[in-house]
Structure formats: structure tokens, C-alpha cells
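Dropping entry_37.txt in here (compact mmCIF, C-alpha atoms):
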```txt
# COMPACT_ATOMS: atom_id res chain seq x y z
CA MET A 1 41.51 18.90 -78.28
CA ASN A 2 38.06 17.37 -77.72
CA GLU A 3 37.23 14.18 -75.87
CA GLN A 4 36.77 12.08 -79.00
CA ALA A 5 40.15 13.08 -80.38
CA ILE A 6 41.77 12.09 -77.11
CA LYS A 7 40.00 8.75 -77.16
CA ASP A 8 41.13 8.10 -80.73
CA ILE A 9 44.76 8.86 -79.94
CA LEU A 10 44.49 6.74 -76.84
CA ALA A 11 43.08 3.76 -78.71
CA ASP A 12 45.82 4.04 -81.36
CA VAL A 13 48.57 4.13 -78.76
CA VAL A 14 47.12 1.22 -76.80
CA ARG A 15 46.90 -0.90 -79.95
CA LYS A 16 50.43 0.00 -80.97
CA VAL A 17 51.94 -0.73 -77.57
CA LEU A 18 49.94 -3.94 -77.27
CA ALA A 19 51.20 -5.17 -80.62
CA GLU A 20 54.77 -4.31 -79.65
CA GLU A 21 54.67 -5.60 -76.10
CA CYS A 22 52.79 -8.85 -76.22
CA GLY A 23 52.60 -9.91 -79.82
CA GLY A 24 49.19 -8.38 -80.29
CA ARG A 25 45.82 -9.82 -79.37
CA PRO A 26 43.07 -11.28 -81.51
CA GLY A 27 41.29 -8.37 -83.08
CA SER A 28 44.00 -5.85 -82.40
CA ALA A 29 46.43 -7.74 -84.60
CA GLY A 30 43.83 -8.62 -87.22
CA MET A 31 44.40 -12.34 -86.67
CA ASP A 32 41.10 -13.15 -85.03
CA ALA A 33 40.18 -15.46 -87.87
CA GLY A 34 39.01 -18.30 -85.70
CA PRO A 35 40.48 -21.31 -83.94
CA ILE A 36 42.99 -23.75 -85.37
CA PRO A 37 42.62 -27.51 -84.86
CA VAL A 38 45.64 -28.97 -83.07
CA GLU A 39 46.96 -32.40 -83.99
CA ILE A 40 49.70 -34.48 -82.37
CA SER A 41 52.30 -35.85 -84.76
CA ALA A 42 53.32 -39.12 -83.16
CA ARG A 43 56.68 -40.57 -84.18
CA HIS A 44 56.71 -41.49 -87.85
CA VAL A 45 58.88 -42.10 -90.88
CA HIS A 46 58.84 -40.76 -94.44
CA LEU A 47 60.65 -42.93 -96.99
CA SER A 48 62.13 -42.37 -100.42
CA LEU A 49 60.82 -44.82 -103.01
CA GLN A 50 64.27 -46.43 -103.08
CA ASP A 51 64.27 -46.94 -99.29
CA ALA A 52 60.67 -48.22 -99.33
CA ILE A 53 61.68 -50.85 -101.89
CA ALA A 54 64.78 -51.76 -99.86
CA LEU A 55 62.63 -52.35 -96.75
CA PHE A 56 59.40 -53.71 -98.22
CA GLY A 57 60.20 -54.77 -101.79
CA ALA A 58 57.56 -52.37 -103.14
CA ASP A 59 56.07 -48.88 -102.86
CA LEU A 60 53.95 -48.05 -99.78
CA HIS A 61 50.34 -49.27 -99.51
CA PRO A 62 47.83 -46.66 -98.27
CA GLU A 63 45.93 -47.76 -95.17
CA ARG A 64 43.96 -44.58 -94.38
CA PRO A 65 44.07 -40.90 -95.37
CA LEU A 66 45.54 -38.26 -93.03
CA SER A 67 44.15 -34.78 -92.42
CA GLN A 68 46.52 -33.24 -94.96
CA PRO A 69 45.10 -33.85 -98.47
CA GLY A 70 46.98 -36.55 -100.40
CA GLN A 71 48.91 -37.79 -97.36
CA PHE A 72 48.26 -41.26 -95.97
CA LEU A 73 49.17 -43.69 -93.23
CA SER A 74 50.68 -46.68 -95.00
CA ALA A 75 50.10 -50.32 -94.11
CA GLU A 76 53.86 -50.64 -93.55
CA ARG A 77 55.57 -50.35 -90.16
CA VAL A 78 59.25 -50.09 -89.26
CA ARG A 79 61.48 -50.70 -86.29
CA LEU A 80 63.79 -47.82 -85.27
CA ILE A 81 67.14 -49.05 -83.97
CA GLY A 82 69.34 -46.56 -82.11
CA PRO A 83 72.53 -47.05 -80.12
CA LYS A 84 70.62 -47.24 -76.83
CA GLY A 85 67.12 -48.45 -77.65
CA VAL A 86 64.65 -49.80 -80.17
CA MET A 87 61.11 -48.70 -81.09
CA ASP A 88 58.77 -51.09 -82.84
CA ASN A 89 55.70 -50.63 -84.95
CA VAL A 90 56.52 -47.07 -86.06
CA ALA A 91 54.14 -45.57 -88.65
CA VAL A 92 55.32 -44.95 -92.21
CA LEU A 93 53.53 -42.05 -93.93
CA GLY A 94 53.10 -41.77 -97.68
CA PRO A 95 53.40 -40.98 -100.44
CA THR A 96 57.17 -41.49 -100.74
CA ARG A 97 59.37 -38.38 -100.78
CA THR A 98 62.69 -37.49 -102.38
CA ALA A 99 64.55 -38.25 -99.14
CA SER A 100 63.78 -40.44 -96.13
CA GLN A 101 63.14 -38.65 -92.83
CA VAL A 102 62.42 -39.86 -89.30
CA GLU A 103 60.39 -37.58 -86.98
CA ILE A 104 60.56 -38.36 -83.26
CA SER A 105 60.11 -36.52 -79.98
CA LYS A 106 62.94 -35.61 -77.61
CA THR A 107 61.61 -38.30 -75.27
CA ASP A 108 61.95 -40.86 -78.09
CA ALA A 109 65.41 -39.55 -78.94
CA ARG A 110 66.61 -40.10 -75.39
CA ALA A 111 65.24 -43.66 -75.38
CA LEU A 112 66.93 -44.40 -78.72
CA GLY A 113 70.20 -42.77 -77.67
CA ILE A 114 70.45 -40.08 -80.35
CA ASN A 115 70.29 -36.30 -80.24
CA PRO A 116 68.49 -34.89 -83.28
CA PRO A 117 67.96 -31.13 -83.68
CA VAL A 118 64.57 -29.39 -83.82
CA ARG A 119 63.99 -28.77 -87.53
CA GLN A 120 61.25 -28.04 -90.02
CA SER A 121 60.38 -31.02 -92.23
CA GLY A 122 62.84 -31.50 -95.09
CA GLU A 123 65.75 -29.71 -93.36
CA THR A 124 67.83 -32.80 -92.72
CA ALA A 125 71.37 -31.52 -93.40
CA GLN A 126 73.72 -32.46 -90.54
CA THR A 127 71.15 -34.52 -88.66
CA PRO A 128 71.90 -37.92 -87.10
CA GLY A 129 71.14 -41.18 -88.86
CA ILE A 130 69.41 -44.30 -87.59
CA ILE A 131 68.81 -47.93 -88.54
CA LEU A 132 65.39 -48.87 -89.97
CA ALA A 133 64.21 -52.47 -90.11
CA SER A 134 61.15 -54.23 -91.48
CA SER A 135 60.38 -57.94 -91.20
CA THR A 136 62.28 -58.50 -94.44
CA GLY A 137 64.87 -55.73 -94.71
CA ILE A 138 67.26 -53.51 -92.82
CA LEU A 139 68.59 -50.12 -93.87
CA GLY A 140 71.02 -47.60 -92.43
CA LEU A 141 70.13 -43.94 -92.88
CA SER A 142 73.24 -41.77 -92.67
CA GLN A 143 71.07 -38.75 -91.78
CA GLY A 144 67.43 -37.71 -91.58
CA VAL A 145 66.36 -37.90 -87.93
CA ILE A 146 64.72 -34.70 -86.65
CA VAL A 147 62.50 -33.47 -83.84
CA ALA A 148 59.82 -31.80 -85.95
CA ALA A 149 59.44 -28.09 -85.23
CA ARG A 150 55.83 -27.17 -84.56
CA HIS A 151 54.08 -25.63 -87.58
CA ILE A 152 50.68 -24.64 -88.87
CA HIS A 153 49.46 -25.99 -92.19
CA MET A 154 47.22 -23.45 -93.91
CA HIS A 155 45.40 -23.57 -97.18
CA THR A 156 46.07 -20.50 -99.32
CA SER A 157 42.57 -19.27 -98.51
CA ASP A 158 43.17 -19.68 -94.75
CA ALA A 159 46.40 -17.70 -95.04
CA ARG A 160 44.51 -14.86 -96.72
CA ARG A 161 41.92 -14.94 -93.95
CA PHE A 162 44.61 -14.77 -91.23
CA GLY A 163 46.67 -12.20 -93.14
CA LEU A 164 49.71 -14.50 -93.11
CA LYS A 165 52.09 -15.90 -95.70
CA ASP A 166 54.34 -18.97 -96.01
CA LYS A 167 57.13 -19.09 -93.37
CA ASP A 168 55.62 -16.36 -91.18
CA MET A 169 56.21 -17.04 -87.48
CA VAL A 170 53.34 -16.67 -85.03
CA ASP A 171 52.57 -17.20 -81.34
CA VAL A 172 49.72 -19.58 -80.56
CA ARG A 173 47.74 -19.84 -77.34
CA LEU A 174 46.48 -23.25 -76.21
CA GLU A 175 43.66 -23.11 -73.65
CA THR A 176 44.09 -26.59 -72.26
CA GLU A 177 44.41 -28.24 -68.86
CA ARG A 178 47.98 -26.91 -68.84
CA PRO A 179 47.58 -23.67 -70.79
CA MET A 180 50.55 -22.26 -72.66
CA ILE A 181 51.61 -20.00 -75.46
CA LEU A 182 53.80 -21.62 -78.11
CA LYS A 183 56.13 -19.02 -79.58
CA ASP A 184 57.85 -19.16 -82.97
CA VAL A 185 55.33 -21.42 -84.71
CA MET A 186 56.04 -21.50 -88.46
CA VAL A 187 53.16 -21.05 -90.88
CA ARG A 188 53.27 -23.27 -93.99
CA VAL A 189 50.92 -22.20 -96.78
CA GLY A 190 49.91 -24.35 -99.75
CA ASP A 191 46.97 -25.30 -101.94
CA ASN A 192 47.24 -28.87 -100.66
CA PHE A 193 47.23 -27.99 -96.96
CA ALA A 194 44.32 -28.17 -94.53
CA LEU A 195 44.28 -25.87 -91.49
CA SER A 196 46.03 -27.66 -88.63
CA LEU A 197 48.67 -26.95 -85.98
CA HIS A 198 51.03 -29.90 -85.72
CA ILE A 199 52.83 -30.39 -82.41
CA ASP A 200 54.80 -33.41 -81.23
CA ALA A 201 53.98 -35.82 -78.43
CA ASP A 202 56.07 -33.94 -75.85
CA GLU A 203 54.34 -30.67 -76.66
CA GLY A 204 50.96 -32.41 -76.58
CA ASN A 205 51.63 -33.98 -73.19
CA SER A 206 52.99 -30.79 -71.68
CA ALA A 207 49.98 -28.80 -72.87
CA GLY A 208 47.45 -31.40 -71.74
CA TRP A 209 46.25 -31.91 -75.33
CA LYS A 210 42.99 -33.77 -75.87
CA PRO A 211 41.06 -34.61 -79.03
CA GLY A 212 39.31 -31.39 -80.04
CA THR A 213 42.01 -29.07 -78.64
CA GLU A 214 42.20 -25.81 -80.60
CA GLY A 215 44.77 -23.04 -80.76
CA THR A 216 44.42 -19.30 -81.25
CA ILE A 217 47.00 -17.18 -83.07
CA ILE A 218 47.67 -14.23 -80.79
CA GLY A 219 50.15 -12.43 -82.99
CA ARG A 220 53.39 -12.57 -84.92
CA SER A 221 56.46 -13.85 -83.07
CA ARG A 222 58.98 -11.24 -82.08
CA GLY A 223 62.45 -12.51 -82.90
CA GLY A 224 64.92 -12.87 -80.07
CA THR A 225 62.62 -12.21 -77.16
CA MET B 1 43.48 19.57 -70.64
CA ASN B 2 47.13 20.10 -71.55
CA GLU B 3 49.37 17.77 -73.50
CA GLN B 4 51.20 16.45 -70.44
CA ALA B 5 47.94 15.54 -68.73
CA ILE B 6 46.84 13.65 -71.82
CA LYS B 7 50.15 11.79 -71.96
CA ASP B 8 49.88 10.84 -68.29
CA ILE B 9 46.36 9.50 -68.72
CA LEU B 10 47.47 7.70 -71.82
CA ALA B 11 50.40 6.03 -70.08
CA ASP B 12 48.16 4.93 -67.22
CA VAL B 13 45.61 3.42 -69.58
CA VAL B 14 48.25 1.63 -71.64
CA ARG B 15 49.77 0.14 -68.51
CA LYS B 16 46.35 -0.93 -67.23
CA VAL B 17 45.31 -2.52 -70.53
CA LEU B 18 48.67 -4.21 -70.86
CA ALA B 19 48.37 -5.73 -67.43
CA GLU B 20 44.85 -6.92 -68.22
CA GLU B 21 45.42 -8.07 -71.77
CA CYS B 22 48.72 -9.85 -71.80
CA GLY B 23 49.55 -10.51 -68.21
CA GLY B 24 51.71 -7.45 -67.97
CA ARG B 25 55.37 -7.11 -68.91
CA PRO B 26 58.48 -6.94 -66.80
CA GLY B 27 58.71 -3.42 -65.48
CA SER B 28 55.12 -2.52 -66.12
CA ALA B 29 53.89 -5.26 -63.82
CA GLY B 30 56.58 -4.70 -61.24
CA MET B 31 57.82 -8.31 -61.55
CA ASP B 32 61.12 -7.60 -63.24
CA ALA B 33 62.97 -9.06 -60.29
CA GLY B 34 65.33 -11.17 -62.32
CA PRO B 35 65.44 -14.63 -63.84
CA ILE B 36 64.28 -17.84 -62.21
CA PRO B 37 66.34 -21.05 -62.51
CA VAL B 38 64.35 -23.84 -64.16
CA GLU B 39 64.73 -27.45 -63.01
CA ILE B 40 63.26 -30.65 -64.44
CA SER B 41 61.53 -32.90 -61.94
CA ALA B 42 62.12 -36.38 -63.32
CA ARG B 43 59.77 -39.13 -62.18
CA HIS B 44 60.10 -39.75 -58.44
CA VAL B 45 58.41 -41.07 -55.36
CA HIS B 46 57.80 -39.65 -51.89
CA LEU B 47 57.13 -42.24 -49.18
CA SER B 48 55.52 -42.22 -45.77
CA LEU B 49 57.76 -43.65 -43.05
CA GLN B 50 55.42 -46.65 -42.83
CA ASP B 51 55.69 -47.32 -46.59
CA ALA B 52 59.49 -46.82 -46.53
CA ILE B 53 59.75 -49.45 -43.81
CA ALA B 54 57.43 -51.80 -45.73
CA LEU B 55 59.64 -51.53 -48.82
CA PHE B 56 63.13 -51.20 -47.35
CA GLY B 57 62.86 -52.29 -43.72
CA ALA B 58 64.09 -48.86 -42.53
CA ASP B 59 63.85 -45.10 -43.05
CA LEU B 60 65.40 -43.58 -46.21
CA HIS B 61 69.16 -43.04 -46.46
CA PRO B 62 70.22 -39.65 -47.89
CA GLU B 63 72.47 -39.95 -50.96
CA ARG B 64 72.79 -36.28 -51.96
CA PRO B 65 71.00 -33.00 -51.19
CA LEU B 66 68.51 -31.47 -53.66
CA SER B 67 68.18 -27.78 -54.50
CA GLN B 68 65.33 -27.32 -52.00
CA PRO B 69 66.83 -27.01 -48.50
CA GLY B 70 66.38 -30.15 -46.38
CA GLN B 71 65.25 -32.32 -49.32
CA PHE B 72 67.44 -35.18 -50.50
CA LEU B 73 67.75 -37.92 -53.07
CA SER B 74 67.75 -41.16 -51.10
CA ALA B 75 69.92 -44.19 -51.79
CA GLU B 76 66.72 -46.21 -52.24
CA ARG B 77 65.12 -46.95 -55.63
CA VAL B 78 61.74 -48.44 -56.49
CA ARG B 79 60.07 -50.18 -59.40
CA LEU B 80 56.72 -48.72 -60.53
CA ILE B 81 54.31 -51.41 -61.71
CA GLY B 82 51.26 -50.31 -63.68
CA PRO B 83 48.66 -52.33 -65.59
CA LYS B 84 50.48 -51.82 -68.89
CA GLY B 85 54.14 -51.26 -68.05
CA VAL B 86 56.92 -51.18 -65.50
CA MET B 87 59.56 -48.54 -64.69
CA ASP B 88 62.71 -49.49 -62.84
CA ASN B 89 65.19 -47.56 -60.81
CA VAL B 90 62.84 -44.70 -59.89
CA ALA B 91 64.24 -42.12 -57.45
CA VAL B 92 62.86 -41.89 -53.92
CA LEU B 93 63.12 -38.41 -52.40
CA GLY B 94 63.34 -37.73 -48.70
CA PRO B 95 62.64 -37.01 -45.98
CA THR B 96 59.52 -39.15 -45.58
CA ARG B 97 56.14 -37.40 -45.69
CA THR B 98 52.76 -38.02 -44.10
CA ALA B 99 51.49 -39.73 -47.26
CA SER B 100 53.22 -41.51 -50.13
CA GLN B 101 53.01 -39.82 -53.54
CA VAL B 102 54.26 -40.79 -57.01
CA GLU B 103 55.07 -37.99 -59.50
CA ILE B 104 55.32 -38.99 -63.15
CA SER B 105 54.93 -37.34 -66.56
CA LYS B 106 52.03 -37.95 -68.94
CA THR B 107 54.48 -39.88 -71.11
CA ASP B 108 55.29 -42.15 -68.15
CA ALA B 109 51.59 -42.49 -67.33
CA ARG B 110 50.84 -43.75 -70.83
CA ALA B 111 53.67 -46.29 -70.62
CA LEU B 112 52.45 -47.51 -67.22
CA GLY B 113 48.82 -47.61 -68.35
CA ILE B 114 47.34 -45.18 -65.82
CA ASN B 115 45.76 -41.74 -66.18
CA PRO B 116 46.67 -39.49 -63.23
CA PRO B 117 45.44 -35.88 -63.07
CA VAL B 118 47.66 -32.79 -63.10
CA ARG B 119 47.87 -31.74 -59.43
CA GLN B 120 49.92 -29.71 -57.03
CA SER B 121 52.01 -31.82 -54.65
CA GLY B 122 50.00 -33.20 -51.75
CA GLU B 123 46.63 -33.03 -53.53
CA THR B 124 46.17 -36.77 -53.95
CA ALA B 125 42.44 -37.19 -53.30
CA GLN B 126 40.82 -39.28 -56.04
CA THR B 127 44.07 -40.06 -57.84
CA PRO B 128 44.96 -43.50 -59.18
CA GLY B 129 47.10 -45.96 -57.25
CA ILE B 130 50.08 -48.02 -58.36
CA ILE B 131 52.26 -50.90 -57.20
CA LEU B 132 55.71 -50.10 -55.76
CA ALA B 133 58.40 -52.74 -55.43
CA SER B 134 61.91 -52.86 -53.99
CA SER B 135 64.29 -55.81 -54.07
CA THR B 136 62.80 -56.98 -50.77
CA GLY B 137 59.24 -55.67 -50.63
CA ILE B 138 56.12 -54.91 -52.62
CA LEU B 139 53.39 -52.43 -51.75
CA GLY B 140 50.08 -51.40 -53.29
CA LEU B 141 49.20 -47.71 -53.07
CA SER B 142 45.45 -47.21 -53.38
CA GLN B 143 46.01 -43.58 -54.48
CA GLY B 144 48.79 -41.00 -54.80
CA VAL B 145 49.88 -40.90 -58.44
CA ILE B 146 49.90 -37.40 -59.94
CA VAL B 147 51.36 -35.47 -62.84
CA ALA B 148 52.96 -32.64 -60.89
CA ALA B 149 51.61 -29.22 -61.83
CA ARG B 150 54.44 -26.80 -62.59
CA HIS B 151 55.25 -24.46 -59.73
CA ILE B 152 57.81 -21.94 -58.53
CA HIS B 153 59.47 -22.38 -55.17
CA MET B 154 60.28 -19.00 -53.65
CA HIS B 155 61.92 -18.08 -50.40
CA THR B 156 59.88 -15.53 -48.44
CA SER B 157 62.46 -12.88 -49.38
CA ASP B 158 62.14 -13.75 -53.11
CA ALA B 159 58.37 -13.44 -52.88
CA ARG B 160 58.74 -9.96 -51.42
CA ARG B 161 61.12 -9.01 -54.22
CA PHE B 162 58.67 -10.26 -56.89
CA GLY B 163 55.64 -8.80 -55.10
CA LEU B 164 53.99 -12.23 -54.94
CA LYS B 165 52.48 -14.41 -52.22
CA ASP B 166 51.87 -18.13 -51.70
CA LYS B 167 49.48 -19.67 -54.28
CA ASP B 168 49.61 -16.70 -56.65
CA MET B 169 49.45 -17.80 -60.30
CA VAL B 170 51.86 -16.31 -62.82
CA ASP B 171 52.83 -16.65 -66.48
CA VAL B 172 56.47 -17.51 -67.16
CA ARG B 173 58.39 -17.04 -70.38
CA LEU B 174 61.09 -19.56 -71.33
CA GLU B 175 63.56 -18.32 -73.94
CA THR B 176 64.78 -21.69 -75.10
CA GLU B 177 65.31 -23.50 -78.40
CA ARG B 178 61.53 -23.95 -78.44
CA PRO B 179 60.39 -20.76 -76.71
CA MET B 180 57.08 -20.76 -74.88
CA ILE B 181 55.05 -19.05 -72.19
CA LEU B 182 53.81 -21.33 -69.42
CA LYS B 183 50.52 -20.00 -68.08
CA ASP B 184 49.02 -20.70 -64.65
CA VAL B 185 52.26 -21.45 -62.81
CA MET B 186 51.63 -21.62 -59.06
CA VAL B 187 53.96 -19.77 -56.70
CA ARG B 188 54.84 -21.59 -53.47
CA VAL B 189 56.39 -19.40 -50.80
CA GLY B 190 58.22 -20.65 -47.72
CA ASP B 191 61.23 -20.03 -45.52
CA ASN B 192 62.64 -23.41 -46.57
CA PHE B 193 62.31 -22.85 -50.32
CA ALA B 194 65.01 -21.84 -52.80
CA LEU B 195 64.04 -19.96 -55.95
CA SER B 196 63.33 -22.51 -58.68
CA LEU B 197 60.69 -23.24 -61.33
CA HIS B 198 59.94 -26.96 -61.37
CA ILE B 199 58.61 -28.43 -64.60
CA ASP B 200 58.24 -32.07 -65.57
CA ALA B 201 60.11 -34.02 -68.24
CA ASP B 202 57.41 -33.46 -70.90
CA GLU B 203 57.46 -29.73 -70.31
CA GLY B 204 61.27 -29.73 -70.35
CA ASN B 205 61.42 -31.62 -73.62
CA SER B 206 58.78 -29.51 -75.29
CA ALA B 207 60.55 -26.31 -74.27
CA GLY B 208 63.99 -27.54 -75.29
CA TRP B 209 65.23 -27.21 -71.70
CA LYS B 210 68.98 -27.34 -71.09
CA PRO B 211 71.05 -27.02 -67.91
CA GLY B 212 71.11 -23.29 -67.13
CA THR B 213 67.68 -22.55 -68.62
CA GLU B 214 66.00 -19.63 -66.86
CA GLY B 215 62.45 -18.31 -66.85
CA THR B 216 61.03 -14.81 -66.58
CA ILE B 217 57.76 -13.99 -64.84
CA ILE B 218 55.82 -11.82 -67.29
CA GLY B 219 52.78 -11.23 -65.14
CA ARG B 220 49.94 -12.72 -63.17
CA SER B 221 47.82 -15.36 -64.88
CA ARG B 222 44.38 -14.31 -65.96
CA GLY B 223 41.90 -16.96 -64.91
CA GLY B 224 39.86 -18.64 -67.61
CA THR B 225 41.59 -17.29 -70.69
```
Rewrite the structure of this file - the entire thing - as C-alpha cells.
Amino acid sequence: MNEQAIKDILADVVRKVLAEECGGRPGSAGMDAGPIPVEISARHVHLSLQDAIALFGADLHPERPLSQPGQFLSAERVRLIGPKGVMDNVAVLGPTRTASQVEISKTDARALGINPPVRQSGETAQTPGIILASSTGILGLSQGVIVAARHIHMHTSDARRFGLKDKDMVDVRLETERPMILKDVMVRVGDNFALSLHIDADEGNSAGWKPGTEGTIIGRSRGGT
Amino acid sequence: MNEQAIKDILADVVRKVLAEECGGRPGSAGMDAGPIPVEISARHVHLSLQDAIALFGADLHPERPLSQPGQFLSAERVRLIGPKGVMDNVAVLGPTRTASQVEISKTDARALGINPPVRQSGETAQTPGIILASSTGILGLSQGVIVAARHIHMHTSDARRFGLKDKDMVDVRLETERPMILKDVMVRVGDNFALSLHIDADEGNSAGWKPGTEGTIIGRSRGGT
């Protein structure tokens, strides 16, 4: 066996073990397709049209566009009323959806006195409810409160570039003041998505997030480890 | 060169690259010395004897021991008064120290309206101040507010077992509901320390910490990456 053959075998083995042992590295895992902007999702509410009308007497009014195409911050605000606490001036995002959903951090949940699970958006079965109030209406949601699981929005073309598909799970490195690797980050792929990692306020604070923070996908998540 | 020699070289290289590229793995890095209990440090205050007397008229009164030998939760509580908000009923830990220090999360800091840096305990140069109040006294600290940097307390015998020394930096994996790897965790070694990873409330919430959560050291931190 000549030296080059040895080197080739060696390189193959190193890449294989690397991918197995630490979720791969940029380059080795073929995911070195550039950085991902990181955004904080502060507490917010999505409303069904029916619930928007119950609270505000009309559909939501767009105030400014969000980074995800078609999504907007509405001019409307709500009060969240839990058994232990109240939060005022909470953003309502539009357009309206088929079901109302309240996304808060674990810190918020403790202050409100509820214990919602960590879920992907839309997965609201068996979640706690909450009371929503506007200046003119009040509404009890029997369910719909979640702590939003971190996720990466990717346009279909981004997903191709990263070699990933909808619902893939990846590990993401944040090189911040408090650097960390977020494991089990779900990838959501769609033609209406813009590339962005969404984390909640707790995750942002614990990572030392600042405007301009970027993440790097370091490999696919390995289940159960 | 025979096949066994090639395999030996190969194994050495893989181990070396692993250690360099992903902070090593248990076993390969020699740090597979068992799990580390993880504790949340909620917001708290350390006082100098002088400041304790100014606020309470006397030294602190132990209420119950903490996990670190010799440390205790005192019977005293203080109010934190910042430019934007107030926090009541904040724990005071004893015994008294040479300088007063206030440890809060970034979430707390935002509510209080101050912007303390992430620091190891005791490193209070050029940190913001705050007002402390008891039911009988009020006191302005000109500095001393920090967001405590995560750290692992290790007894000298633990450090030997893990092959680590005081001020080493390691990466720690948390296998929680929201699994993550905390990078740049400082190891503090002392004969009065009990093995425990201390994280703050933001880090606990973002990891999905629960009582009984343990961490695993996966290797030394690589500076600057």
C-alpha cells in the first residue's frame, strides 16, 4: 500500500468518525452553506379570524412586515391573563390562522402561572389555555399556549443549498458572548420562508444574542444523545 | 508498513482530530468521569459585612445550607431597585464577602433597566451599580452587578478524576427537553467545593432544566471558535 492510499483511507475514516461522533463539521458534513441569521421571537399571539373579531370587532390591521414573507406585526395588542400574572401589550401577528396560538417563553410562563410544553408551531393539542383581553373584548382560549421550539425557516432554494429537507433536525452553533450549540433544531422548508433561525427570549438571553448574531449548522442531530 | 501499523496510526489521527475538531468525546478525551449535577442560580446578592450592617443592622442569619460547603441562604431578603424596575424578596447568600455583588439574569437586567456584563464571580470592575433596600435600610452600590458566567464547582478530588485544573474551560452537554452544548464553561477547583454546574435562570429555561438534570463534559473548549 502506498502513502497516498493510506492517506485516502485515513481521510475517509476521519470524516466518517467525525460525522458519527460530533454531528459532523462544516465541510465534512456538506452543510457549510453559510451562516444563518438568528432572530428572537418575543412573546406573541396568533389569532383565528373568529377570535380577532371577538377581541377587536374586525380582522387584524398590518402595522409592519416581518422577516417571513407575508407575515406582519398587527396594530392590535392583547393582554395575557394567567392564574398568577398578567402581561400587557403583547404583539399579535397576522395574517389570521385557522386556530389561535400563544407563544411565550418559560420565563413568561412562570410569571403567568401556567406550564405550556415546548412545541412546534401549530401543535397545540393538550396545551394549556389562557385568557386574552383587548380594550373592548375578553376571550378564553381552552388551549393553544406553547413555548415555541426553536426552528430554522428555509426557502426551498436554501434547503437545496444546505442539503436539507422539511422537518430535518440539525445542530446549530452560536458564536456569541455565551457560545453554545443548540441541538435538535427543526428545519422548516417552504417557498414562502426566508432563511432565519428563530429562538425564544430565554434562548436569546442565555446565548448572549445581539442584533446581527448568526448561527452555523454543524450537522444533523443524532437522536437520543 | 503492515495493516496493524496503519490501523494504529489511523486510530491516533482520528483521536487527535476528534479532540481538535469537536472538543473530544467522553472516553477519547479522558473526561468520561461521570455526570455533573446541574443547579440553577436564581437571582441573589452577596454582601460585605459593612453593607449587611447598613441594611440589616447586623451580620446575616443562616436560614439553610446551600450545596457548596459553608455557603448558606440567609434569613435576610433585599429589594433590588433599578432605573426601570424593582425586584422584591431577593435572596441574600452568606457568609459575607469582601465586596458586595448582585447576580441576576439578562431577563432580570432588562426588567431592572441595567446592562451588566457576563462575568465570573468576584470580577466586578467596571460593572453597573444598583440600589439595595431592606425594610429598615437603603444602600447604593456603585458597582457589583453581574450576569454570572456559568461554571463548574469541583472538589480537588473531582478535578483529579476529570483531569482538569482550576480555570480550565470545558464544553458541557445537557440532555434535556431542549438539549444543548454549553461552550466555554469555567472549572473552579477547591477543597471547599462540591461537584455542581451552576447556570442561571435564562440558561435553565432555555435548556428545559428540571430537578435532577445532569451535564456531561465532552471536552475542553477551543478558544475563539
Item checked: Selection: 8 Å around segment 81-93 of chain B, all atoms listed in the file, excl. self and same-chain fewer than 4 positions, as a PyMOL selection string -> chain B and resi 43-47+71-77+111-114+130-133
Next item on the list: Take atom CA of Ala42 of chain A and atom CA of Gly208 of chain B and report the distance between them in Å, one decimal.
Entry: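 Separating atom CA of Ala42 of chain A from atom CA of Gly208 of chain B is a distance of 17.6 Å.
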For a quick test of understanding: name the residues of chain B lying within 6 Å of chain A when counting only C-alpha atoms, and present them as an mmCIF file with C-alpha atoms, keeping the file's coordinate frame.
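Output (iface.cif):
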```
data_model
loop_
_atom_site.group_PDB
_atom_site.id
_atom_site.type_symbol
_atom_site.label_atom_id
_atom_site.label_comp_id
_atom_site.auth_asym_id
_atom_site.auth_seq_id
_atom_site.Cartn_x
_atom_site.Cartn_y
_atom_site.Cartn_z
ATOM 1 C CA LEU B 10 47.470 7.700 -71.820
ATOM 2 C CA VAL B 14 48.250 1.630 -71.640
ATOM 3 C CA LYS B 106 52.030 -37.950 -68.940
ATOM 4 C CA PRO B 179 60.390 -20.760 -76.710
ATOM 5 C CA MET B 180 57.080 -20.760 -74.880
ATOM 6 C CA ILE B 181 55.050 -19.050 -72.190
ATOM 7 C CA LEU B 182 53.810 -21.330 -69.420
ATOM 8 C CA LYS B 183 50.520 -20.000 -68.080
ATOM 9 C CA ASP B 202 57.410 -33.460 -70.900
ATOM 10 C CA GLU B 203 57.460 -29.730 -70.310
ATOM 11 C CA ASN B 205 61.420 -31.620 -73.620
ATOM 12 C CA SER B 206 58.780 -29.510 -75.290
#
```
Margin query: Which residues are close to Ala194 of chain B, i.e. within 7 Å by all atoms listed in the file, leaving aside same-chain residues fewer than 4 positions away? Reply as a count of residues only.
Written below: 6
Next item on the list: May I ask for the distance between atom CA of Val102 of chain A and atom CA of Ser196 of chain A, given in Å to one decimal place?
Entry: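 So the two atoms, atom CA of Val102 of chain A and atom CA of Ser196 of chain A, lie 20.4 Å apart.
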Checklist line | Two-atom distance - atom CA of Gly140 of chain A, atom CA of Arg79 of chain A (Å) | finding: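 Computing it gives 11.8 Å between the two atoms.
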Check: Given the choices B:Ala125, B:Ala99, B:Leu195, B:Val170, which gets closest to Asp51 of chain B if the distance is worked out from only C-alpha atoms?
Finding: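 Of all the options, B:Ala99 lies closest to Asp51 of chain B.
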Item checked: Who sits within 8 Å of Arg188 of chain B, all atoms listed in the file, same chain under 2 positions skipped, as a ChimeraX atom specification -> /B:151-154,165-168,186,190
Next item on the list: Rank A:Asp191, A:Asp32, A:Asp158, A:Asp59 by their smallest atom-to-atom distance to Thr216 of chain A, using all atoms listed in the file, and report the top residue only.
Entry: A:Asp32
Next item on the list: Would you mind listing what lies within 9 Å of Gly70 of chain A as an NGL selection string, with only C-alpha atoms counted and same-chain residues fewer than 5 positions away left out?
Entry: :A and (65 or 94-95 or 192)
